[in-house]
file protein_38.txt (compact mmCIF, C-alpha atoms)
# COMPACT_ATOMS: atom_id res chain seq x y z
CA MET A 1 -5.81 -24.80 -9.31
CA LYS A 2 -2.17 -24.33 -10.20
CA VAL A 3 -1.77 -20.54 -10.38
CA SER A 4 -3.59 -17.53 -8.94
CA VAL A 5 -2.72 -14.22 -10.59
CA VAL A 6 -3.12 -11.22 -8.29
CA MET A 7 -3.44 -7.76 -9.84
CA SER A 8 -4.38 -4.58 -7.99
CA VAL A 9 -5.87 -1.86 -10.18
CA TYR A 10 -6.12 1.86 -9.49
CA ASN A 11 -7.00 4.35 -12.25
CA ALA A 12 -5.29 2.23 -14.89
CA GLU A 13 -7.78 2.52 -17.76
CA LYS A 14 -5.16 3.64 -20.31
CA TYR A 15 -3.16 0.40 -20.28
CA LEU A 16 -5.46 -2.00 -18.44
CA ARG A 17 -6.76 -3.96 -21.42
CA GLN A 18 -3.24 -4.66 -22.66
CA ALA A 19 -2.25 -5.96 -19.24
CA VAL A 20 -5.30 -8.17 -18.75
CA ASP A 21 -5.21 -9.54 -22.31
CA SER A 22 -1.57 -10.54 -21.85
CA ILE A 23 -2.62 -12.70 -18.89
CA LEU A 24 -5.72 -14.22 -20.44
CA ASN A 25 -3.71 -15.14 -23.54
CA GLN A 26 -1.03 -17.10 -21.68
CA THR A 27 0.00 -20.46 -23.16
CA PHE A 28 -0.42 -21.91 -19.66
CA GLU A 29 -4.14 -22.17 -18.93
CA ASP A 30 -4.66 -23.52 -15.38
CA PHE A 31 -5.03 -20.22 -13.55
CA GLU A 32 -7.48 -17.78 -12.02
CA LEU A 33 -7.07 -14.03 -12.36
CA ILE A 34 -7.93 -12.11 -9.19
CA MET A 35 -8.27 -8.40 -9.88
CA ILE A 36 -8.82 -5.89 -7.10
CA ASP A 37 -10.30 -2.52 -8.01
CA ASP A 38 -8.77 -0.18 -5.44
CA ASP A 39 -11.63 2.38 -5.55
CA SER A 40 -10.69 3.73 -9.00
CA SER A 41 -12.24 7.00 -10.13
CA ASP A 42 -11.75 6.40 -13.87
CA CYS A 43 -13.28 3.67 -16.06
CA SER A 44 -11.11 0.87 -14.65
CA ALA A 45 -13.99 -0.70 -12.70
CA ASP A 46 -16.15 -0.90 -15.82
CA ILE A 47 -13.35 -2.50 -17.81
CA LEU A 48 -12.74 -5.06 -15.08
CA GLN A 49 -16.44 -5.89 -14.93
CA GLU A 50 -16.44 -6.53 -18.68
CA TYR A 51 -13.66 -9.09 -18.29
CA LYS A 52 -15.41 -10.74 -15.37
CA ASP A 53 -18.61 -11.09 -17.41
CA GLN A 54 -16.73 -12.57 -20.36
CA ASP A 55 -14.25 -14.99 -18.73
CA GLU A 56 -14.98 -17.39 -15.89
CA ARG A 57 -11.32 -17.35 -14.84
CA VAL A 58 -11.68 -13.72 -13.70
CA ILE A 59 -12.51 -12.92 -10.08
CA LEU A 60 -13.22 -9.28 -9.24
CA LEU A 61 -12.90 -7.69 -5.81
CA LYS A 62 -13.79 -4.07 -5.12
CA ASN A 63 -12.38 -1.96 -2.30
CA GLU A 64 -14.91 0.48 -0.84
CA ASN A 65 -12.03 2.85 -0.10
CA ASN A 66 -8.57 3.18 -1.56
CA LEU A 67 -6.44 0.74 0.46
CA GLY A 68 -3.20 0.91 -1.49
CA LEU A 69 -1.25 -1.86 -3.18
CA THR A 70 -0.11 -3.78 -0.10
CA LYS A 71 -3.51 -4.32 1.50
CA SER A 72 -5.11 -4.96 -1.88
CA LEU A 73 -2.60 -7.71 -2.67
CA ASN A 74 -3.26 -9.32 0.70
CA ARG A 75 -6.99 -9.29 -0.09
CA GLY A 76 -6.24 -11.21 -3.25
CA LEU A 77 -3.93 -13.66 -1.50
CA ALA A 78 -6.62 -14.38 1.10
CA ILE A 79 -8.95 -15.90 -1.49
CA ALA A 80 -6.36 -17.32 -3.90
CA LYS A 81 -6.78 -21.04 -4.61
CA GLY A 82 -3.58 -21.54 -6.58
CA GLU A 83 -0.53 -23.48 -5.46
CA TYR A 84 1.53 -20.68 -7.00
CA ILE A 85 0.88 -16.92 -6.95
CA ALA A 86 1.80 -14.79 -9.97
CA ARG A 87 2.00 -11.02 -9.69
CA MET A 88 1.04 -8.61 -12.41
CA ASP A 89 0.70 -4.84 -12.59
CA ALA A 90 -2.12 -3.10 -14.44
CA ASP A 91 0.12 -1.22 -16.87
CA ASP A 92 2.64 -3.93 -17.80
CA ILE A 93 2.52 -6.74 -20.38
CA SER A 94 3.44 -10.39 -19.80
CA ALA A 95 4.92 -12.50 -22.59
CA PRO A 96 2.58 -15.35 -23.62
CA GLU A 97 4.96 -18.04 -22.35
CA ARG A 98 5.71 -16.38 -18.99
CA PHE A 99 3.57 -18.68 -16.82
CA THR A 100 4.59 -21.83 -18.69
CA LYS A 101 8.27 -21.12 -18.05
CA GLN A 102 7.79 -20.10 -14.40
CA VAL A 103 5.52 -23.03 -13.50
CA ASP A 104 7.99 -25.42 -15.14
CA TYR A 105 10.81 -23.96 -13.05
CA LEU A 106 8.98 -24.22 -9.73
CA ASP A 107 7.72 -27.72 -10.55
CA GLN A 108 11.25 -28.86 -11.35
CA HIS A 109 12.87 -27.07 -8.37
CA PRO A 110 10.76 -27.77 -5.26
CA ASP A 111 13.43 -26.18 -3.06
CA TYR A 112 12.86 -22.77 -4.67
CA SER A 113 10.15 -20.38 -3.43
CA PHE A 114 10.43 -17.49 -5.90
CA VAL A 115 10.97 -17.29 -9.65
CA SER A 116 10.96 -14.01 -11.54
CA CYS A 117 12.64 -12.84 -14.74
CA ILE A 118 14.31 -9.93 -16.46
CA GLY A 119 12.18 -7.44 -18.35
CA CYS A 120 12.22 -4.73 -20.95
CA TYR A 121 11.20 -1.12 -20.37
CA ILE A 122 8.47 0.19 -22.64
CA ASN A 123 7.25 3.77 -22.97
CA GLU A 124 3.73 5.16 -23.01
CA ASN A 125 3.25 4.00 -26.60
CA GLY A 126 4.50 0.49 -25.93
CA ASN A 127 7.81 1.01 -27.72
CA ARG A 128 10.67 -1.01 -26.26
CA GLU A 129 13.54 0.84 -24.62
CA GLN A 130 16.27 -0.79 -22.53
CA LEU A 131 16.33 -4.19 -20.88
CA ARG A 132 15.57 -4.29 -17.17
CA LEU A 133 18.19 -6.70 -15.86
CA PHE A 134 18.40 -8.77 -12.68
CA PRO A 135 20.92 -11.36 -11.45
CA GLU A 136 20.12 -14.99 -12.19
CA ALA A 137 21.26 -17.34 -9.43
CA ASN A 138 20.13 -17.44 -5.80
CA GLU A 139 23.62 -16.63 -4.51
CA GLU A 140 23.87 -13.59 -6.78
CA ILE A 141 20.42 -12.39 -5.74
CA TYR A 142 21.26 -12.71 -2.03
CA ALA A 143 24.53 -10.82 -2.55
CA MET A 144 22.87 -7.98 -4.46
CA MET A 145 19.77 -7.57 -2.30
CA PRO A 146 21.41 -5.26 0.30
CA LYS A 147 22.34 -2.91 -2.57
CA VAL A 148 19.16 -2.92 -4.68
CA ASP A 149 15.94 -4.83 -5.12
CA ALA A 150 17.14 -7.87 -7.08
CA VAL A 151 13.77 -9.40 -8.03
CA MET A 152 11.17 -7.84 -10.35
CA HIS A 153 7.87 -7.72 -8.49
CA PRO A 154 5.38 -7.62 -11.44
CA GLY A 155 7.21 -10.58 -12.96
CA VAL A 156 7.39 -12.82 -9.91
CA MET A 157 5.71 -16.14 -9.19
CA PHE A 158 5.98 -17.72 -5.73
CA ARG A 159 4.70 -20.59 -3.65
CA LYS A 160 1.59 -19.54 -1.76
CA ASP A 161 2.31 -21.75 1.27
CA ASP A 162 5.81 -20.32 1.71
CA ILE A 163 4.57 -16.73 1.63
CA GLU A 164 1.83 -17.47 4.12
CA LYS A 165 4.45 -18.84 6.52
CA ILE A 166 6.20 -15.47 6.63
CA GLY A 167 2.99 -13.42 6.89
CA ASN A 168 2.28 -12.38 3.28
CA TYR A 169 2.90 -8.71 2.48
CA CYS A 170 3.65 -6.50 5.47
CA GLU A 171 0.93 -3.86 5.74
CA ASP A 172 3.26 -1.54 7.63
CA PHE A 173 4.61 -0.56 4.21
CA ARG A 174 2.22 0.97 1.67
CA VAL A 175 4.95 0.83 -1.00
CA VAL A 176 8.23 -1.13 -1.42
CA GLN A 177 6.29 -4.09 -0.01
CA ASP A 178 8.03 -6.43 -2.44
CA TYR A 179 11.53 -5.54 -1.21
CA ASP A 180 10.39 -6.22 2.35
CA LEU A 181 8.96 -9.59 1.26
CA TRP A 182 12.24 -10.59 -0.39
CA PHE A 183 14.20 -9.64 2.75
CA ARG A 184 11.86 -11.75 4.90
CA GLY A 185 12.15 -14.59 2.42
CA MET A 186 15.93 -14.40 2.70
CA ALA A 187 15.70 -14.46 6.49
CA ALA A 188 13.59 -17.64 6.19
CA GLY A 189 16.19 -19.23 3.90
CA TYR A 190 13.96 -19.24 0.80
CA LYS A 191 15.58 -19.56 -2.63
CA PHE A 192 15.16 -17.20 -5.61
CA TYR A 193 15.76 -17.52 -9.33
CA ASN A 194 15.46 -14.97 -12.15
CA ILE A 195 14.86 -16.43 -15.61
CA GLN A 196 17.16 -14.59 -17.99
CA GLU A 197 14.46 -13.85 -20.53
CA PRO A 198 12.41 -10.62 -20.85
CA LEU A 199 9.08 -12.16 -19.90
CA VAL A 200 7.56 -8.83 -18.80
CA LEU A 201 7.37 -5.52 -20.63
CA PHE A 202 7.67 -2.98 -17.83
CA ARG A 203 5.90 0.35 -18.36
CA ARG A 204 7.89 3.53 -17.75
CA ASN A 205 5.34 6.27 -18.39
CA GLU A 206 4.91 9.88 -17.36
CA SER A 207 4.10 8.98 -13.75
CA TYR A 208 6.90 6.44 -13.18
CA ASN A 209 9.27 8.81 -11.39
CA THR A 210 6.64 11.11 -9.85
CA ARG A 211 5.23 8.10 -7.96
CA LYS A 212 8.60 7.69 -6.28
CA SER A 213 8.25 10.70 -4.03
CA LYS A 214 10.27 11.62 -0.97
CA ALA A 215 7.76 9.65 1.14
CA TYR A 216 8.35 6.61 -1.09
CA ARG A 217 12.11 6.89 -0.59
CA MET A 218 11.69 7.14 3.19
CA ILE A 219 9.73 3.88 3.20
CA ASP A 220 12.49 2.34 1.07
CA PHE A 221 14.93 3.48 3.76
CA ALA A 222 12.80 1.84 6.49
CA VAL A 223 12.48 -1.41 4.52
CA ARG A 224 16.24 -1.61 4.03
CA LYS A 225 16.89 -0.88 7.70
CA LYS A 226 14.58 -3.71 8.74
CA GLY A 227 15.92 -6.06 6.06
CA TYR A 228 19.52 -5.50 7.08
CA ARG A 229 18.66 -6.21 10.70
CA ILE A 230 16.70 -9.45 10.22
CA ASN A 231 19.31 -10.79 7.80
CA HIS A 232 22.25 -9.76 10.00
CA ILE A 233 23.86 -7.83 7.14
CA PRO A 234 27.41 -6.75 8.13
CA LEU A 235 27.78 -3.08 8.97
CA HIS A 236 30.14 -2.39 6.06
CA LYS A 237 27.42 -3.53 3.63
CA ARG A 238 24.78 -1.26 5.14
CA ILE A 239 26.23 1.77 3.36
CA TYR A 240 23.63 1.22 0.64
CA ILE A 241 20.96 2.53 2.98
CA VAL A 242 21.99 6.01 1.78
CA ILE A 243 20.68 5.29 -1.74
CA PRO A 244 17.00 6.12 -1.07
CA LEU A 245 18.06 9.15 1.00
CA ALA A 246 20.08 10.51 -1.92
CA LEU A 247 17.37 9.79 -4.49
CA ALA A 248 14.76 11.49 -2.30
CA TYR A 249 16.25 14.89 -3.12
CA ILE A 250 16.39 14.53 -6.91
CA PRO A 251 13.31 16.21 -8.47
CA PRO A 252 11.14 13.83 -10.53
CA LYS A 253 11.66 15.85 -13.75
CA VAL A 254 15.43 15.65 -13.31
CA MET A 255 15.19 11.96 -12.48
CA ASP A 256 13.23 11.35 -15.66
CA LYS A 257 15.93 13.00 -17.78
CA LEU A 258 18.74 11.17 -15.97
CA PHE A 259 16.91 7.84 -15.70
CA TYR A 260 19.03 5.78 -18.07
CA VAL A 261 22.23 7.62 -17.11
CA LEU A 262 21.69 6.57 -13.49
CA LYS A 263 20.75 3.07 -14.63
CA GLY A 264 24.27 2.83 -16.03
CA PHE A 265 25.53 2.70 -12.44
CA ASP A 266 22.94 0.12 -11.36
CA PRO A 267 24.70 -3.01 -10.01
CA ARG A 268 21.96 -5.13 -11.58
CA ASN A 269 23.49 -4.29 -14.95
CA LYS A 270 26.28 -6.76 -14.32
CA ALA A 271 23.75 -9.27 -15.67
CA LYS A 272 24.12 -7.57 -19.08
CA GLU A 273 27.30 -9.42 -20.04
CA TYR A 274 25.62 -12.74 -19.25
CA TYR A 275 22.58 -11.81 -21.29
CA GLN A 276 24.51 -10.44 -24.28
CA ASN A 277 26.70 -13.53 -24.40
CA GLY A 278 23.62 -15.27 -25.73
CA LYS A 279 23.08 -17.91 -23.05
CA SER A 280 19.36 -17.19 -23.02
CA GLY A 281 19.16 -16.28 -26.70
CA THR A 282 15.70 -14.81 -26.35
CA GLU A 283 16.12 -11.04 -26.72
CA ASN A 284 13.67 -10.86 -29.60
CA LYS A 285 10.94 -12.94 -27.97
call {"tool": "encode", "arguments": {"input": "protein_38.txt", "output": "structure tokens"}}
result
Amino acid sequence: MKVSVVMSVYNAEKYLRQAVDSILNQTFEDFELIMIDDDSSDCSADILQEYKDQDERVILLKNENNLGLTKSLNRGLAIAKGEYIARMDADDISAPERFTKQVDYLDQHPDYSFVSCIGCYINENGNREQLRLFPEANEEIYAMMPKVDAVMHPGVMFRKDDIEKIGNYCEDFRVVQDYDLWFRGMAAGYKFYNIQEPLVLFRRNESYNTRKSKAYRMIDFAVRKKGYRINHIPLHKRIYIVIPLALAYIPPKVMDKLFYVLKGFDPRNKAKEYYQNGKSGTENK
């Protein structure tokens, strides 16, 4: 088995079929899709069961209680048979060629542990909004990581063996578990690459900002603090730890209105010039 896709699902019935179909319709076919129902109270479990009954590539796990994303992902990793692990969220959409491009990159670059991509925001109706940009090269990703999360989690693929060596997702963190994983990967000397093509349509719906509560921001603060320490980040670069503290006091409704204004100050947007120069040439894919 080449790839195991791990998707945790909680009350995602509205967009779930679009997400699952985008995985099952990948041009790359050697994969299993492990879906974990995290004790959903809507029709998500029924939808997942339908897919399991129809496609032998689908493996369905059910949590008796709501465990949260981190523990659910670790449940999926524990049974994954793939050499590579691909992440996917239950409300996003993967481009058909996503796995083909990511598998090709990891196969051709055995010294790299992570490959992700840039994305494109979509709204509740699936209409495209702005690009979600990330730096390309490993050196750029390392340099940006103390400022912001420089790798898109629902678009990532990584080597299962490498992640197991650093302990999979840390269950101390119910959210922001991806940022913690990247920091630990950096501390282990792992390499990252972001394909400069929008291989994931990233859903920004009515709950996007409300999910990022004050508690969420405090965990972000804790993840950064730990990440700075284990990577020996110089003190003058630790100023970015104030970002989640500042965002914690912006009401979700205000954040929603200012979302793209604030994104204009996002250091990840320095990738825009690279992208618009046409090196990837895939904006309409």
call {"tool": "atom_distance", "arguments": {"input": "protein_38.txt", "atom1": "atom CA of A:Ile233", "atom2": "atom CA of A:Pro146"}}
result
7.7 Å
call {"tool": "closest_residue", "arguments": {"input": "protein_38.txt", "among": "A:Asp104, A:Glu64, A:Glu197, A:Asp46", "to": "A:Lys2", "atoms": "all atoms listed in the file"}}
result
A:Asp104
call {"tool": "residues_around", "arguments": {"input": "protein_38.txt", "residues": "A:Val9", "least_positions_apart": "4", "cutoff": "7 Å", "atoms": "all atoms listed in the file", "output": "JSON, numbers by chain"}}
result
{"A": [35, 36, 37, 38, 90]}
call {"tool": "residues_around", "arguments": {"input": "protein_38.txt", "residues": "A:Lys226", "least_positions_apart": "5", "cutoff": "12 Å", "atoms": "all atoms listed in the file", "output": "list in words"}}
result
Pro146, Cys170, Asp172, Phe173, Tyr179, Asp180, Leu181, Trp182, Phe183, Arg184, Ala187, Ile219, Asp220, Phe221, Asn231, His232, Ile233, Arg238 and Ile241 of chain A
call {"tool": "closest_residue", "arguments": {"input": "protein_38.txt", "among": "A:Ile85, A:Val175, A:Ile118, A:Leu247", "to": "A:Asp162", "atoms": "all atoms listed in the file"}}
result
A:Ile85
call {"tool": "atom_distance", "arguments": {"input": "protein_38.txt", "atom1": "atom CA of A:Ile34", "atom2": "atom CA of A:Glu13"}}
result
17.0 Å
call {"tool": "atom_distance", "arguments": {"input": "protein_38.txt", "atom1": "atom CA of A:Glu50", "atom2": "atom CA of A:Leu199"}}
result
26.2 Å
call {"tool": "residues_around", "arguments": {"input": "protein_38.txt", "residues": "A:Asp107", "least_positions_apart": "2", "cutoff": "12 Å", "atoms": "only C-alpha atoms", "output": "list in words"}}
result
Lys2, Val3, Glu83, Tyr84, Phe99, Thr100, Lys101, Gln102, Val103, Asp104, Tyr105, His109, Pro110, Asp111, Tyr112, Ser113, Phe114, Val115, Met157, Phe158 and Arg159 of chain A
call {"tool": "closest_atom_pairs", "arguments": {"input": "protein_38.txt", "of": "stretch 53-124 of chain A", "to": "stretch 21-29 of chain A", "cutoff": "12 Å", "atoms": "only C-alpha atoms", "output": "tab-separated table"}}
result
residue	atom	partner	partner_atom	distance
A:Gln54	CA	A:Leu24	CA	11.1
A:Asp55	CA	A:Leu24	CA	8.7
A:Glu56	CA	A:Leu24	CA	10.8
A:Arg57	CA	A:Leu24	CA	8.5
A:Val58	CA	A:Leu24	CA	9.0
A:Ala86	CA	A:Ile23	CA	10.2
A:Arg87	CA	A:Ile23	CA	10.4
A:Met88	CA	A:Ile23	CA	8.5
A:Asp89	CA	A:Ile23	CA	10.6
A:Ala90	CA	A:Ser22	CA	10.5
A:Asp91	CA	A:Ser22	CA	10.7
A:Asp92	CA	A:Ser22	CA	8.8
A:Ile93	CA	A:Ser22	CA	5.8
A:Ser94	CA	A:Ser22	CA	5.4
A:Ala95	CA	A:Ser22	CA	6.8
A:Pro96	CA	A:Gln26	CA	4.5
A:Glu97	CA	A:Thr27	CA	5.6
A:Arg98	CA	A:Gln26	CA	7.3
A:Phe99	CA	A:Phe28	CA	5.9
A:Thr100	CA	A:Phe28	CA	5.1
A:Lys101	CA	A:Phe28	CA	8.9
A:Gln102	CA	A:Phe28	CA	9.9
A:Val103	CA	A:Phe28	CA	8.6
A:Asp104	CA	A:Phe28	CA	10.2
call {"tool": "residues_near_point", "arguments": {"input": "protein_38.txt", "point": "(2.6, 6.5, -21.9)", "cutoff": "8 Å", "atoms": "all atoms listed in the file", "output": "mmCIF file with C-alpha atoms, in the coordinates of the input"}}
result
data_model
loop_
_atom_site.group_PDB
_atom_site.id
_atom_site.type_symbol
_atom_site.label_atom_id
_atom_site.label_comp_id
_atom_site.auth_asym_id
_atom_site.auth_seq_id
_atom_site.Cartn_x
_atom_site.Cartn_y
_atom_site.Cartn_z
ATOM 1 C CA ASN A 123 7.250 3.770 -22.970
ATOM 2 C CA GLU A 124 3.730 5.160 -23.010
ATOM 3 C CA ASN A 125 3.250 4.000 -26.600
ATOM 4 C CA GLY A 126 4.500 0.490 -25.930
ATOM 5 C CA ARG A 203 5.900 0.350 -18.360
ATOM 6 C CA ARG A 204 7.890 3.530 -17.750
ATOM 7 C CA ASN A 205 5.340 6.270 -18.390
ATOM 8 C CA GLU A 206 4.910 9.880 -17.360
#
call {"tool": "closest_residue", "arguments": {"input": "protein_38.txt", "among": "A:Arg174, A:Lys214, A:Lys52, A:Arg132", "to": "A:Leu69", "atoms": "all atoms listed in the file"}}
result
A:Arg174
call {"tool": "closest_residue", "arguments": {"input": "protein_38.txt", "among": "A:Leu73, A:Leu106, A:Leu33, A:Arg217", "to": "A:Val5", "atoms": "all atoms listed in the file"}}
result
A:Leu33
call {"tool": "closest_residue", "arguments": {"input": "protein_38.txt", "among": "A:Ser72, A:Gln177, A:Ser40, A:Asn63", "to": "A:Ser8", "atoms": "all atoms listed in the file"}}
result
A:Ser72
call {"tool": "closest_residue", "arguments": {"input": "protein_38.txt", "among": "A:Val254, A:Leu245, A:Val20, A:Ile195", "to": "A:Ser44", "atoms": "only C-alpha atoms"}}
result
A:Val20
